[in-house]
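> Quick one: this structure, given as structure tokens, is what I'll be asking you about.
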Amino acid sequence: MKNKLEEILKNASEEISKSANIQELEEVKLKYLSRKGELNTIKKNLKDLSDEDKRVIGSLANNIYNELETKINTKNEELYKIELNKKLVSEKIDISLPSDIRVQGKVHPLTQTINEIVEIFQGLGFSVMKSENSPEVETEYINFDMLNFPPNHPAKDMQDTFYTKVAPNVILRSQTSGAQIRQMLHQAPPVRVISPGRVYRCESVSARKNNLFHQIEGLLVDKDITFGDLKGILNEFVRIYFGSSRPTRFRASYFPFTEPSAEVDVECIMCGGKGCRTCSGTGWLEVLGAGMVHANVLRNVGIDPEIYSGFAFGMGVERLTMLKYAINDIRLFFNNDIRFLNQF
Ligand code: PHE
């Protein structure tokens, strides 16, 4: 029995030191030290021995038990350390790795310009037209005919129009001016509104032209409205939008729905009027179309031109944004490149 005990000590010690992980060590412990383990089996057989042998073998068994227990505990600590280290290495967090950056969304530069211009005109007593009165899918009738474009007038070609297959004469509006008609059909004078929105023209896309862009239409109709009022409002707008007291000039022009018509230029913001590439050497930049509402247009919507008069203006949002921030390619607004958009 003594030999048997020594054999257990030898085998168990070997198995303990060979254990490669805590799981294996746990099995060794079960095999030798548990209630049904090999050492206990021997202890159970002590009852058949003489008292003397019981004492000697019993205490030997206890010593071996203690020795093995110590060995297991030591080994357990050792294995625990190894496993912990492995875990620390495998689960190491590399704090130098770039983080999962969440970029915050921003208001698109065109929307920023629209908001800014709307605010300026609100300050000048204009309100924003309901969008239901300025649909992007429009009839040729509102977009052109009601605005005093004669049938087959070349001006229709001037704004190369997108026709749809929805119905004959249903188009994507080429200008926001149709909103003037819808507003006046809707509201008797005094009228004092602006209307921002998208317009479409069938053009080949370039750095200067996109076939989708934005305009802001303005309309004021009341008694005794003169060209002087138009000049006053637009000069004030340009002064606020471009800052400082940048000179403007009104150049005679032509639109079928205004008479007289003008194009409004501001002194070139790049060269200050000396002449450069941006202003094609003229020193001036065109920023607006405007004029007194044509008597025919007033008549078309049932307003008596003998009693009322008014002015209208239209401006390109992309152009105004490009001039203000020195942007040289209109396509940048539509590419949604975050490196561009982040600058606003
Ligand atoms: N609708 C014109 C354009 O697209 C601009 C304009 C609006 C001119 C209102 C006069 C009055 O060019």
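Chain labels run A, B, ... following the order of the structure tokens; each chain numbers its residues from 1, and ligands are numbered from 1 in the order shown.
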Within range 78-299 of chain A, find each residue whose DSSP state, derived from the backbone, is alpha helix (DSSP H), and express the selection as a PDB file with C-alpha atoms, in the first residue's frame.

ATOM      1  CA  GLU A  78       1.521  29.539 -12.668  1.00  0.00           C
ATOM      2  CA  LEU A  79      -1.025  28.531 -15.327  1.00  0.00           C
ATOM      3  CA  TYR A  80      -3.334  31.347 -14.325  1.00  0.00           C
ATOM      4  CA  LYS A  81      -0.560  33.866 -14.868  1.00  0.00           C
ATOM      5  CA  ILE A  82       0.274  32.427 -18.263  1.00  0.00           C
ATOM      6  CA  GLU A  83      -3.329  32.474 -19.354  1.00  0.00           C
ATOM      7  CA  LEU A  84      -3.839  35.994 -18.082  1.00  0.00           C
ATOM      8  CA  ASN A  85      -0.812  37.184 -20.020  1.00  0.00           C
ATOM      9  CA  LYS A  86      -2.065  35.494 -23.167  1.00  0.00           C
ATOM     10  CA  LYS A  87      -5.415  37.171 -22.703  1.00  0.00           C
ATOM     11  CA  LEU A  88      -3.828  40.563 -22.108  1.00  0.00           C
ATOM     12  CA  VAL A  89      -1.831  40.258 -25.299  1.00  0.00           C
ATOM     13  CA  SER A  90      -4.738  39.042 -27.419  1.00  0.00           C
ATOM     14  CA  PRO A 109     -23.907  75.713 -48.723  1.00  0.00           C
ATOM     15  CA  LEU A 110     -26.773  76.319 -51.168  1.00  0.00           C
ATOM     16  CA  THR A 111     -29.305  75.927 -48.381  1.00  0.00           C
ATOM     17  CA  GLN A 112     -27.207  78.278 -46.258  1.00  0.00           C
ATOM     18  CA  THR A 113     -27.343  80.892 -49.031  1.00  0.00           C
ATOM     19  CA  ILE A 114     -31.092  80.425 -49.490  1.00  0.00           C
ATOM     20  CA  ASN A 115     -31.629  80.804 -45.738  1.00  0.00           C
ATOM     21  CA  GLU A 116     -29.467  83.899 -45.672  1.00  0.00           C
ATOM     22  CA  ILE A 117     -31.240  85.551 -48.612  1.00  0.00           C
ATOM     23  CA  VAL A 118     -34.675  84.627 -47.289  1.00  0.00           C
ATOM     24  CA  GLU A 119     -33.753  86.266 -44.008  1.00  0.00           C
ATOM     25  CA  ILE A 120     -32.597  89.434 -45.755  1.00  0.00           C
ATOM     26  CA  PHE A 121     -35.865  89.743 -47.652  1.00  0.00           C
ATOM     27  CA  GLN A 122     -37.913  88.939 -44.597  1.00  0.00           C
ATOM     28  CA  GLY A 123     -36.147  91.911 -43.019  1.00  0.00           C
ATOM     29  CA  GLU A 140     -45.665  75.444 -70.270  1.00  0.00           C
ATOM     30  CA  TYR A 141     -48.699  77.668 -69.860  1.00  0.00           C
ATOM     31  CA  ILE A 142     -47.599  78.997 -66.446  1.00  0.00           C
ATOM     32  CA  ASN A 143     -43.856  78.847 -67.084  1.00  0.00           C
ATOM     33  CA  ALA A 155     -36.994  83.058 -75.571  1.00  0.00           C
ATOM     34  CA  LYS A 156     -38.470  79.621 -74.978  1.00  0.00           C
ATOM     35  CA  ASP A 157     -35.329  78.250 -76.559  1.00  0.00           C
ATOM     36  CA  MET A 158     -33.229  80.679 -74.534  1.00  0.00           C
ATOM     37  CA  GLY A 178     -44.098  80.933 -62.827  1.00  0.00           C
ATOM     38  CA  ALA A 179     -44.468  81.322 -59.074  1.00  0.00           C
ATOM     39  CA  GLN A 180     -45.347  84.983 -59.720  1.00  0.00           C
ATOM     40  CA  ILE A 181     -48.385  83.879 -61.725  1.00  0.00           C
ATOM     41  CA  ARG A 182     -49.518  81.301 -59.197  1.00  0.00           C
ATOM     42  CA  GLN A 183     -49.134  83.754 -56.330  1.00  0.00           C
ATOM     43  CA  MET A 184     -51.091  86.526 -58.078  1.00  0.00           C
ATOM     44  CA  LEU A 185     -53.843  84.096 -59.052  1.00  0.00           C
ATOM     45  CA  HIS A 186     -53.998  83.191 -55.406  1.00  0.00           C
ATOM     46  CA  PHE A 227     -38.604 101.415 -60.633  1.00  0.00           C
ATOM     47  CA  GLY A 228     -37.102 103.480 -57.819  1.00  0.00           C
ATOM     48  CA  ASP A 229     -38.619 101.050 -55.303  1.00  0.00           C
ATOM     49  CA  LEU A 230     -37.074  98.140 -57.191  1.00  0.00           C
ATOM     50  CA  LYS A 231     -33.678  99.822 -57.155  1.00  0.00           C
ATOM     51  CA  GLY A 232     -33.958 100.606 -53.473  1.00  0.00           C
ATOM     52  CA  ILE A 233     -34.828  97.048 -52.477  1.00  0.00           C
ATOM     53  CA  LEU A 234     -32.201  95.385 -54.657  1.00  0.00           C
ATOM     54  CA  ASN A 235     -29.435  97.793 -53.657  1.00  0.00           C
ATOM     55  CA  GLU A 236     -30.253  97.091 -50.049  1.00  0.00           C
ATOM     56  CA  PHE A 237     -30.172  93.341 -50.700  1.00  0.00           C
ATOM     57  CA  VAL A 238     -26.787  93.488 -52.445  1.00  0.00           C
ATOM     58  CA  ARG A 239     -25.398  95.694 -49.685  1.00  0.00           C
ATOM     59  CA  ILE A 240     -26.418  93.210 -47.007  1.00  0.00           C
ATOM     60  CA  TYR A 241     -25.499  90.061 -48.942  1.00  0.00           C
ATOM     61  CA  PHE A 242     -22.089  91.143 -50.240  1.00  0.00           C
ATOM     62  CA  ALA A 295     -48.934  95.066 -67.898  1.00  0.00           C
ATOM     63  CA  ASN A 296     -49.869  91.931 -69.883  1.00  0.00           C
ATOM     64  CA  VAL A 297     -48.811  89.708 -66.987  1.00  0.00           C
ATOM     65  CA  LEU A 298     -50.956  91.703 -64.567  1.00  0.00           C
ATOM     66  CA  ARG A 299     -53.873  91.438 -66.967  1.00  0.00           C
TER      67      ARG A 299
END
> Would you mind writing down, as a list of chain:residue names, each residue of range 30-191 of chain A that DSSP on the backbone assigns to strand (DSSP E)?
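Those in range 30-191 of chain A that DSSP calls strand (DSSP E) are A:Ser127, A:Val128, A:Val137, A:Glu138, A:Thr139, A:Phe162, A:Tyr163, A:Val170, A:Ile171, A:Leu172, A:Val191.
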> What's around range 280-284 of chain A at 8 Å? Count only C-alpha atoms, leave out sequence neighbours fewer than 4 positions away in its own chain, and write the answer as a PyMOL selection string.
chain A and resi 265-268+271-276
> Could you save those same residues with all heavy atoms as an mmCIF file, in the first residue's frame?

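again-v1.cif, written as the output of this step:
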data_model
loop_
_atom_site.group_PDB
_atom_site.id
_atom_site.type_symbol
_atom_site.label_atom_id
_atom_site.label_comp_id
_atom_site.auth_asym_id
_atom_site.auth_seq_id
_atom_site.Cartn_x
_atom_site.Cartn_y
_atom_site.Cartn_z
ATOM 1 N N ASP A 265 -25.829 94.302 -61.902
ATOM 2 C CA ASP A 265 -24.438 93.878 -61.732
ATOM 3 C C ASP A 265 -23.910 94.419 -60.414
ATOM 4 O O ASP A 265 -24.330 95.488 -59.960
ATOM 5 C CB ASP A 265 -23.558 94.454 -62.858
ATOM 6 C CG ASP A 265 -23.999 93.996 -64.245
ATOM 7 O OD1 ASP A 265 -24.726 92.985 -64.324
ATOM 8 O OD2 ASP A 265 -23.606 94.645 -65.232
ATOM 9 N N VAL A 266 -22.986 93.686 -59.800
ATOM 10 C CA VAL A 266 -22.239 94.275 -58.677
ATOM 11 C C VAL A 266 -20.785 94.374 -59.104
ATOM 12 O O VAL A 266 -20.319 93.609 -59.952
ATOM 13 C CB VAL A 266 -22.311 93.436 -57.376
ATOM 14 C CG1 VAL A 266 -23.710 93.402 -56.823
ATOM 15 C CG2 VAL A 266 -21.776 92.041 -57.585
ATOM 16 N N GLU A 267 -20.107 95.316 -58.509
ATOM 17 C CA GLU A 267 -18.689 95.468 -58.794
ATOM 18 C C GLU A 267 -18.001 94.136 -58.508
ATOM 19 O O GLU A 267 -18.285 93.484 -57.499
ATOM 20 C CB GLU A 267 -18.123 96.554 -57.878
ATOM 21 C CG GLU A 267 -16.712 96.944 -58.216
ATOM 22 C CD GLU A 267 -16.182 97.890 -57.145
ATOM 23 O OE1 GLU A 267 -15.789 97.390 -56.074
ATOM 24 O OE2 GLU A 267 -16.199 99.108 -57.381
ATOM 25 N N CYS A 268 -17.097 93.727 -59.395
ATOM 26 C CA CYS A 268 -16.458 92.414 -59.276
ATOM 27 C C CYS A 268 -15.778 92.268 -57.911
ATOM 28 O O CYS A 268 -14.963 93.102 -57.518
ATOM 29 C CB CYS A 268 -15.437 92.208 -60.389
ATOM 30 S SG CYS A 268 -14.626 90.608 -60.273
ATOM 31 N N CYS A 271 -11.724 91.537 -58.298
ATOM 32 C CA CYS A 271 -10.731 92.552 -58.684
ATOM 33 C C CYS A 271 -11.141 93.951 -58.232
ATOM 34 O O CYS A 271 -10.401 94.916 -58.471
ATOM 35 C CB CYS A 271 -10.515 92.523 -60.191
ATOM 36 S SG CYS A 271 -12.006 92.928 -61.121
ATOM 37 N N GLY A 272 -12.318 94.076 -57.636
ATOM 38 C CA GLY A 272 -12.763 95.394 -57.181
ATOM 39 C C GLY A 272 -13.014 96.350 -58.328
ATOM 40 O O GLY A 272 -12.908 97.571 -58.178
ATOM 41 N N GLY A 273 -13.325 95.811 -59.508
ATOM 42 C CA GLY A 273 -13.719 96.677 -60.627
ATOM 43 C C GLY A 273 -12.619 96.939 -61.644
ATOM 44 O O GLY A 273 -12.869 97.551 -62.681
ATOM 45 N N LYS A 274 -11.414 96.439 -61.355
ATOM 46 C CA LYS A 274 -10.307 96.699 -62.293
ATOM 47 C C LYS A 274 -10.430 95.860 -63.563
ATOM 48 O O LYS A 274 -9.909 96.233 -64.607
ATOM 49 C CB LYS A 274 -8.966 96.384 -61.617
ATOM 50 C CG LYS A 274 -8.579 97.393 -60.548
ATOM 51 C CD LYS A 274 -7.138 97.142 -60.097
ATOM 52 C CE LYS A 274 -6.890 97.675 -58.698
ATOM 53 N NZ LYS A 274 -7.438 96.749 -57.653
ATOM 54 N N GLY A 275 -11.091 94.715 -63.441
ATOM 55 C CA GLY A 275 -11.184 93.807 -64.599
ATOM 56 C C GLY A 275 -10.289 92.600 -64.384
ATOM 57 O O GLY A 275 -9.079 92.766 -64.170
ATOM 58 N N CYS A 276 -10.886 91.396 -64.406
ATOM 59 C CA CYS A 276 -10.097 90.175 -64.202
ATOM 60 C C CYS A 276 -10.786 89.026 -64.930
ATOM 61 O O CYS A 276 -11.735 89.241 -65.674
ATOM 62 C CB CYS A 276 -9.979 89.865 -62.709
ATOM 63 S SG CYS A 276 -11.546 89.406 -61.919
#
> Enumerate as a PDB file with C-alpha atoms, in the first residue's frame the residues within 7 Å of ligand 1, counting only C-alpha atoms and all ligand atoms.

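Final file, part.pdb:
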ATOM      1  CA  GLN A 175     -37.328  79.485 -64.012  1.00  0.00           C
ATOM      2  CA  THR A 176     -39.085  80.302 -60.756  1.00  0.00           C
ATOM      3  CA  SER A 177     -41.016  83.143 -62.429  1.00  0.00           C
ATOM      4  CA  GLU A 217     -37.931  84.779 -57.249  1.00  0.00           C
ATOM      5  CA  GLY A 218     -39.196  88.018 -55.776  1.00  0.00           C
ATOM      6  CA  PHE A 255     -37.472  89.643 -70.286  1.00  0.00           C
ATOM      7  CA  PHE A 257     -42.622  89.410 -68.384  1.00  0.00           C
ATOM      8  CA  THR A 258     -41.065  92.693 -67.252  1.00  0.00           C
ATOM      9  CA  SER A 261     -36.255  95.068 -67.649  1.00  0.00           C
ATOM     10  CA  LEU A 288     -29.882  89.423 -60.868  1.00  0.00           C
ATOM     11  CA  GLY A 289     -32.578  89.768 -63.472  1.00  0.00           C
ATOM     12  CA  ALA A 290     -35.361  92.209 -62.647  1.00  0.00           C
ATOM     13  CA  GLY A 291     -37.951  94.626 -63.948  1.00  0.00           C
ATOM     14  CA  ALA A 312     -40.151  91.220 -59.947  1.00  0.00           C
ATOM     15  CA  PHE A 313     -36.627  89.894 -59.683  1.00  0.00           C
ATOM     16  CA  GLY A 314     -34.895  86.569 -59.954  1.00  0.00           C
ATOM     17  CA  MET A 315     -31.453  85.488 -58.842  1.00  0.00           C
TER      18      MET A 315
END
> Counting only C-alpha atoms, figure out which residue out of A:Asn328, A:Asn62, A:Thr321, A:Ser134 gets nearest to Thr278 in chain A.
A:Asn328
> Just checking: using only C-alpha atoms, which residue out of A:Lys4, A:Arg249, A:His294, A:His108 ends up closest to Thr41 in chain A?
A:Lys4
> Any idea what the distance is between CA of Lys223 in chain A and CA of Pro305 in chain A?
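Those two atoms sit 9.5 Å apart.
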